[in-house]
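Colleague: Following this message is one structure expressed as structure tokens.
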2 protein chains.
Amino acid sequence: MTATVPADLDAWLAAQHARTMDELFAFLRIPSVSARSEHRADCRAAAQWLADRLTHAGFTAALHDTPGHPVVLGEWRGAGPDAPTLLVYGHYDVQPAEPLELWTSPAFEPEVRDGRIYARGSVDDKGQLYLHVKALEAHLAVRGTLPVNVIVLAEGEEEVGSEHLEAFLETHKERLRCDGVVISDSTMFAPGIPSILSSLRGMAYLQIDVQGASTDLHSGMYGGAVVNPAMALARILATMHDDHGRVAIEGFYDAVQAWPDAVRAQMRTLPFDEEHFRAETGAPALGGEAGYSVLEQLWTRPTCEVNGLLSGYTGEGAKTVLPAVAMAKVSFRLVPDQDPKVIERLVAAHVARVCPTGVTATVTALHGGRPWRSELGGPLHDAGVVALEAAFGRAPVITGEGGSIPVVGDFERVLGAPVLLMGFGLPGENAHAPDEWISEENFRQGARAAATLLDAYAAAQR
Amino acid sequence: MTATVPADLDAWLAAQHARTMDELFAFLRIPSVSARSEHRADCRAAAQWLADRLTHAGFTAALHDTPGHPVVLGEWRGAGPDAPTLLVYGHYDVQPAEPLELWTSPAFEPEVRDGRIYARGSVDDKGQLYLHVKALEAHLAVRGTLPVNVIVLAEGEEEVGSEHLEAFLETHKERLRCDGVVISDSTMFAPGIPSILSSLRGMAYLQIDVQGASTDLHSGMYGGAVVNPAMALARILATMHDDHGRVAIEGFYDAVQAWPDAVRAQMRTLPFDEEHFRAETGAPALGGEAGYSVLEQLWTRPTCEVNGLLSGYTGEGAKTVLPAVAMAKVSFRLVPDQDPKVIERLVAAHVARVCPTGVTATVTALHGGRPWRSELGGPLHDAGVVALEAAFGRAPVITGEGGSIPVVGDFERVLGAPVLLMGFGLPGENAHAPDEWISEENFRQGARAAATLLDAYAAAQR
């Protein structure tokens with residue numbers, strides 16, 4: 001099949017583009033900062049605005065209250081009970097805009113410069129959510145119908161941890177039953193290279209507390225006989241890697257699955273300049289696990305990181321304290337099929353084994369999340385490939401992501417449906433920083449891809 | 001020689017004891033807290049009070065202003081230019097008394113309970129200084145003369161680092177020329193065991209700053225490729241000891257001198273319960289350099305301690321930061337003849353050698369002090385032995401101290417005179433804590449010892 005954007009939808013989207021931009025700008029002007037209680041009404045206003053646009057497009061849409069910000073649920077069931085159902089997820093809340101003085105134009109007054117739409121939420125995620133709304137509207141406006149049933153679910157708490165989403169999914173499990181979930185809340189590998197994000201690392205985040213004496217002591221009076229917990233902690237942490245950057249905790253790699261050869265092979269062809277990456281970080285050299293490229297390290301390999309260290313005196317100058325306690329925050333990025341609960345146990349056992357005499361070490365699990373990797377196949381994935389190729393004129397690449405998007409796991413687990421991560425952001429988009437932007441061109445191509453996806457998905461079912 | 005306290009001095013001291021206590025209490029009532037500007041006038045009042053008492057005893061005494069609190073200088077030169085001169089050093093300033101609510105009786109209202117005089121400054125150092133004043137007064141009152149020339153130098157900034165003492169010594173070097181310095185500002189090993197403190201550890205205090213990326217990064221987006229400076233710091237610190245608690249820095253022990261066999265042998269006979277020591281610290285076990293007793297570790301062996309650690313996120317919960325920087329405060333207690341400047345260079349070279357690729361480590365020297373050990377002989381030491389034996393009825397033990405008393409080195413260096421550390425405090429005296437006390441019995445015996453010392457020293461010269 002030669003992938004092309006259906007001409008009728010393409011024409012409608014092109015004709016509507018100026019009006020679409022006006023609508024998106026209206027959406028972006030609502031300061032729906034979920035983290036700030038003074039923006040509570042703005043969050044509701046953004047939700048209502050979105051529900052109204054869905055209604056206008058032909059959906060049945062309503063706000064559903066949660067203990068936090070409301071969920072917007074839009075439904076179009078016109079394809080009938082035997083047709084497949086796609087769920088489009090996005091979020092209408094945004095990060096705080098501070099520090100305001102670092103924005104070139106005000107965060108909530110969208111402005112286009114050099115083909116980029118600058119505003120808080122432009123790429124994360126109002127723009128990427130709204131391009132789906134316009135794709136759905138295109139189908140209904142031009143053809144009066146959609147080729148599959150569609151649910152649009154937009155939450156207002158993604159930037160504050162999606163606290164109430166999982167319960168919402170559980171509560172409305174039957175109603176939300178679907179055959180696939182589409183999320184546009186990620187980035188393409190590079191401009192002009194459409195991307196399907198197919199893996200996310202999980203996490204086991206722990207705190208290690210080491211206790212020596214019961215109170216801080218004078219390092220002159222006691223130093224040399226009483227074991228120093230900060231030094232003990234350093235010795236514990238130093239055992240966590242071998243000299244080749246591998247995590248040296250027994251059993252740590254037992255559940256790690258090999259990455260598909262095809263994906264690794266493609267990864268090596270991606271235009272990625274490791275020296276450029278290094279220079280951007282400012283680090284004098286890169287490191288990590290030997291034998292892997294940077295992209296492999298970031299996307300396919302688990303890690304052990306110290307996220308925080310605290311002990312004793314940390315102010316200016318010298319204080320001769322022999323601390324009573326030392327603390328480290330340590331987190332492990334996980335890859336399939338590592339299980340955060342298992343990793344927590346392995347780490348606790350390791351710490352117990354290597355903890356020096358004279359101190360006690362306590363390991364507390366703070367946070368965990370499972371790694372995720374999609375099946376690179378099936379009707380939804382295949383439709384995504386077709387839609388992206390149609391819109392961008394080239395086949396998408398398969399990318400990974402070193403971080404986590406916790407809701408992905410929730411959708412798969414609660415709804416039992418595969419997830420397609422088809423993002424239209426770009427590197428450097430400042431998603432959580434001043435001068436956030438989305439490429440206007442990517443918005444346009446994203447809407448074309450989203451419109452095509454429905455046809456391609458319906459076709460793949462037949 | 002059978003050591004006895006000269007009967008004439010002994011009788012006078014005994015007869016005067018009640019009045020002596022009244023005077024000491026008057027001294028203790030002056031809240032001469034050097035660290036607090038609101039007590040500036042109190043510090044001056046304490047200095048003037050002391051100068052007046054010296055004048056009353058028969059000394060020529062005056063206050064000498066410094067940029068901080070005044071120095072009290074009392075002189076008695078009646079023994080003539082050919083006679084030896086002893087300098088008695090002490091300090092009239094005290095630590096802040098806070099937290100006030102933890103005092104059983106008010107800090108500046110001396111009270112005797114169970115043979116202990118409770119007040120801020122009772123043992124540190126007004127009591128230990130004033131017993132010398134009374135010993136000198138005894139000689140002058142009973143005999144009208146002293147057997148040697150005596151200088152009394154009392155500073156008012158010991159509790160805030162003796163900032164202006166060294167300059168004072170340098171400026172008045174000729175006037176302060178002496179043959180020995182006597183200081184009572186330390187503790188006896190145990191009740192009834194008079195002690196000469198013969199060694200102090202020195203110090204090299206450094207800060208190690210490790211820098212990876214130029215800013216904090218997201219541990220998901222960068223973790224696994226960018227080297228973690230907190231982990232790198234832990235690995236650096238972990239190389240600083242071997243598995244037997246020895247400092248594993250090349251050249252670290254090169255200048256360490258063996259401890260005199262006799263002193264080590266005596267150390268082993270001291271009544272010291274290591275389990276009791278451990279239990280008091282609350283540590284689950286003791287540690288440190290293998291092959292040494294706790295007293296040997298504390299008094300005779302150098303150490304490497306982490307005094308502070310800071311990196312990344314240290315608040316509650318989890319934050320997935322890959323820190324840009326990590327910092328450790330690291331100090332080394334030194335023993336003769338280790339030189340803090342040499343140790344600084346060795347540590348810097350070690351850190352440069354073991355620093356992982358991908359980060360830079362900077363070592364900054366914050367503070368240094370030389371270790372000190374007295375010659376266990378010569379007329380001053382021998383006179384100290386005689387005086388303590390006379391007063392307490394048993395020969396003194398030779399003790400060490402794991403911390404530093406910086407002025408000791410200043411006196412030896414600037415005045416070129418040996419220092420005798422003859423203290424009358426006791427373990428548990430709460431020197432810098434609420435309910436500070438000095439044993440009334442120790443004050444009495446200390447005054448007898450101080451009075452005897454002058455005769456013994458004069459005799460040793462002949």
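Residues are referred to by chain and number: the chain letter is A, B, ... according to the order shown in the structure tokens, the number counts from 1 in that chain, and ligands are numbered separately from 1 in the order shown.
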Give me the residues of chain A that have any atom at most 6 Å from an atom of chain B; for each, the nearest atom pair and the distance in Å, rounded to one decimal. Use only C-alpha atoms, sort by chain and number, and format it as a tab-separated table.
Modeller:
```
residue	atom	partner	partner_atom	distance
A:Gly212	CA	B:Ala283	CA	5.1
A:Ala213	CA	B:Ala283	CA	4.1
A:Ser214	CA	B:Gly282	CA	4.8
A:Gly220	CA	B:Gly403	CA	3.9
A:Met221	CA	B:Gly402	CA	4.9
A:Gly224	CA	B:Gly288	CA	5.0
A:Ala225	CA	B:Gly288	CA	4.8
A:Val226	CA	B:Leu286	CA	5.2
A:Val227	CA	B:Gly287	CA	5.4
A:Ala230	CA	B:Val306	CA	5.9
A:Met231	CA	B:Val306	CA	5.8
A:Ala234	CA	B:Ala234	CA	4.2
A:Arg235	CA	B:Ala238	CA	4.7
A:Ala238	CA	B:Arg235	CA	4.7
A:Thr281	CA	B:Ala213	CA	5.2
A:Gly282	CA	B:Ser214	CA	4.8
A:Ala283	CA	B:Ala213	CA	4.1
A:Pro284	CA	B:Gly358	CA	5.3
A:Ala285	CA	B:Gly358	CA	4.2
A:Leu286	CA	B:Val226	CA	5.2
A:Gly287	CA	B:Ala225	CA	5.3
A:Gly288	CA	B:Ala225	CA	4.8
A:Val294	CA	B:Ala225	CA	5.8
A:Gln297	CA	B:Gly224	CA	5.5
A:Leu298	CA	B:Gly224	CA	5.8
A:Thr303	CA	B:Gly224	CA	5.6
A:Val306	CA	B:Met231	CA	5.8
A:Asn307	CA	B:Val321	CA	5.4
A:Gly308	CA	B:Gly312	CA	4.3
A:Leu309	CA	B:Ser311	CA	4.8
A:Leu310	CA	B:Leu310	CA	4.7
A:Ser311	CA	B:Leu309	CA	4.8
A:Gly312	CA	B:Gly308	CA	4.3
A:Tyr313	CA	B:Gly308	CA	4.5
A:Thr314	CA	B:Gly308	CA	5.3
A:Val321	CA	B:Asn307	CA	5.4
A:Leu322	CA	B:Asn307	CA	5.7
A:Gly358	CA	B:Ala285	CA	4.2
A:Gly402	CA	B:Gly220	CA	4.5
A:Gly403	CA	B:Gly220	CA	3.9
```
Colleague: Report as a list in words all protein, DNA and RNA residues lying within 7 Å of region 164-174 of chain A, evaluated on only C-alpha atoms, omitting residues in the same chain fewer than 4 positions from it.
Modeller: Thr66, Asp410, Val414 and Leu415 of chain A
Colleague: List the neighbours of region 24-34 of chain B out to 8 Å using only C-alpha atoms; skip same-chain residues closer than 2 positions along the sequence, and give me the result as a ChimeraX atom specification.
Modeller: /B:20-22,36-37,39-40,42-46,49-50,69,92-96,108-110,119-122,126-127,130,156-157,159-160
Colleague: Figure out the distance between CA of Glu412 (chain A) and CA of Leu87 (chain A), please, to one decimal in Å.
Modeller: 11.7 Å
Colleague: At a cut-off of 10 Å, using only C-alpha atoms, what residues contact region 390-396 of chain B? Leave out same-chain residues fewer than 5 positions from it and give the result as a ChimeraX atom specification.
Modeller: /B:2-6,10,188-189,192-197,384-385,422,442,444-453
Colleague: Just want the 6 Å neighbourhood of Gly180 (chain B), counted on only C-alpha atoms, with same-chain residues fewer than 2 positions away dropped. Output as JSON, numbers by chain.
Modeller: {"B": [86, 178, 417, 418, 419]}
Colleague: Env of region 52-56 of chain A: 7 Å cut, atoms = only C-alpha atoms, seq-sep filter 5 positions within chain, self excluded. Answer as a list in words.
Modeller: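 In the requested format, the answer is Ala61, Gly74 and Val133 of chain A.
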Colleague: Restricting the output to C-alpha atoms, write the selected residues as a compact mmCIF listing (two decimals), in the first residue's frame.
Modeller:
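Full text of again.txt as output:
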```txt
# COMPACT_ATOMS: atom_id res chain seq x y z
CA ALA A 61 -18.63 15.16 25.45
CA GLY A 74 -15.72 12.60 24.43
CA VAL A 133 -9.55 16.78 17.74
```
Colleague: Go ahead and compute the interatomic distance for CA of Ala79 (chain B) and CA of Pro147 (chain B), in Å to one decimal.
Modeller: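 Pair CA of Ala79 (chain B) / CA of Pro147 (chain B) returns 6.4 Å.
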Colleague: Just the residues within 6 Å of Pro340 (chain A), please, counting only C-alpha atoms, with nothing from its chain fewer than 3 positions along; format it as a ChimeraX atom specification.
Modeller: /A:204,343,368
Colleague: What residues in region 119-210 of chain B get the DSSP label strand (DSSP E or B)? Please answer as a list of chain:residue names.
Modeller: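 Across region 119-210 of chain B, those assigned strand (DSSP E or B) are B:Asn149, B:Val150, B:Ile151, B:Val152, B:Leu153, B:Ala154, B:Glu155, B:Gly180, B:Val181, B:Val182, B:Ile183, B:Thr187, B:Ala190, B:Ile193, B:Ser195, B:Ile196, B:Leu197, B:Ser198, B:Ser199, B:Leu200, B:Gly202, B:Met203, B:Ala204, B:Tyr205, B:Leu206, B:Gln207, B:Ile208, B:Asp209, B:Val210.
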Colleague: Could you state the separation of CA of Trp12 (chain B) and CA of Gln461 (chain B) in Å, given to one decimal place?
Modeller: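 Calculated distance between CA of Trp12 (chain B) and CA of Gln461 (chain B) is 25.5 Å.
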Colleague: Enumerate the residues of region 18-127 of chain B with a DSSP assignment of helix (DSSP H, G or I), computed from the backbone, and present them as a compact mmCIF listing (two decimals) with C-alpha atoms, in the first residue's frame.
Modeller:
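The file below, states.txt, is the result:
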```txt
# COMPACT_ATOMS: atom_id res chain seq x y z
CA ALA B 18 36.10 29.28 101.44
CA ARG B 19 37.14 32.75 100.31
CA THR B 20 38.63 31.30 97.14
CA MET B 21 35.28 29.72 96.33
CA ASP B 22 33.54 33.07 96.85
CA GLU B 23 35.98 34.70 94.45
CA LEU B 24 35.62 31.95 91.85
CA PHE B 25 31.83 32.24 92.05
CA ALA B 26 32.10 35.99 91.46
CA PHE B 27 34.22 35.26 88.38
CA LEU B 28 31.70 32.64 87.18
CA ARG B 29 28.79 35.05 87.59
CA SER B 37 28.23 40.83 70.88
CA GLU B 38 25.70 41.62 73.63
CA HIS B 39 28.22 40.19 76.10
CA ARG B 40 31.06 42.41 74.95
CA ALA B 41 30.97 44.47 78.15
CA ASP B 42 30.75 41.30 80.23
CA CYS B 43 33.91 39.98 78.60
CA ARG B 44 35.71 43.20 79.46
CA ALA B 45 34.34 43.04 83.00
CA ALA B 46 35.65 39.48 83.42
CA ALA B 47 39.05 40.56 82.10
CA GLN B 48 39.14 43.52 84.50
CA TRP B 49 38.03 41.33 87.40
CA LEU B 50 40.89 38.93 86.68
CA ALA B 51 43.44 41.74 86.32
CA ASP B 52 42.28 43.13 89.68
CA ARG B 53 42.72 39.73 91.35
CA LEU B 54 46.24 39.45 89.89
CA THR B 55 47.03 42.93 91.11
CA HIS B 56 45.69 42.01 94.52
CA ALA B 57 47.91 38.92 94.55
CA LEU B 100 19.25 27.53 78.97
CA GLU B 101 16.29 25.31 79.80
CA LEU B 102 18.56 22.27 80.05
CA SER B 122 33.53 26.38 85.81
CA VAL B 123 35.91 23.92 84.15
CA ASP B 124 36.38 25.65 80.77
CA ASP B 125 38.35 27.58 81.77
CA LYS B 126 37.72 30.06 84.59
CA GLY B 127 38.09 27.46 87.33
```
Colleague: Kindly indicate which residue among A:Leu176, A:Val112, A:His244, A:Glu155 lies nearest to Gly291 (chain A), using only C-alpha atoms for the distances.
Modeller: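 Counting only C-alpha atoms, the residue closest to Gly291 (chain A) is A:His244.
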Colleague: With distances taken over only C-alpha atoms, which of B:Glu375, B:Glu344, B:Gly58, B:Glu436 is nearest to Ile249 (chain B)?
Modeller: B:Glu344
Colleague: Looking at B:Ala361, B:Val72, B:Ala14, B:Ile117, which one is nearest to Ile438 (chain B), with distances taken over only C-alpha atoms?
Modeller: B:Ile117
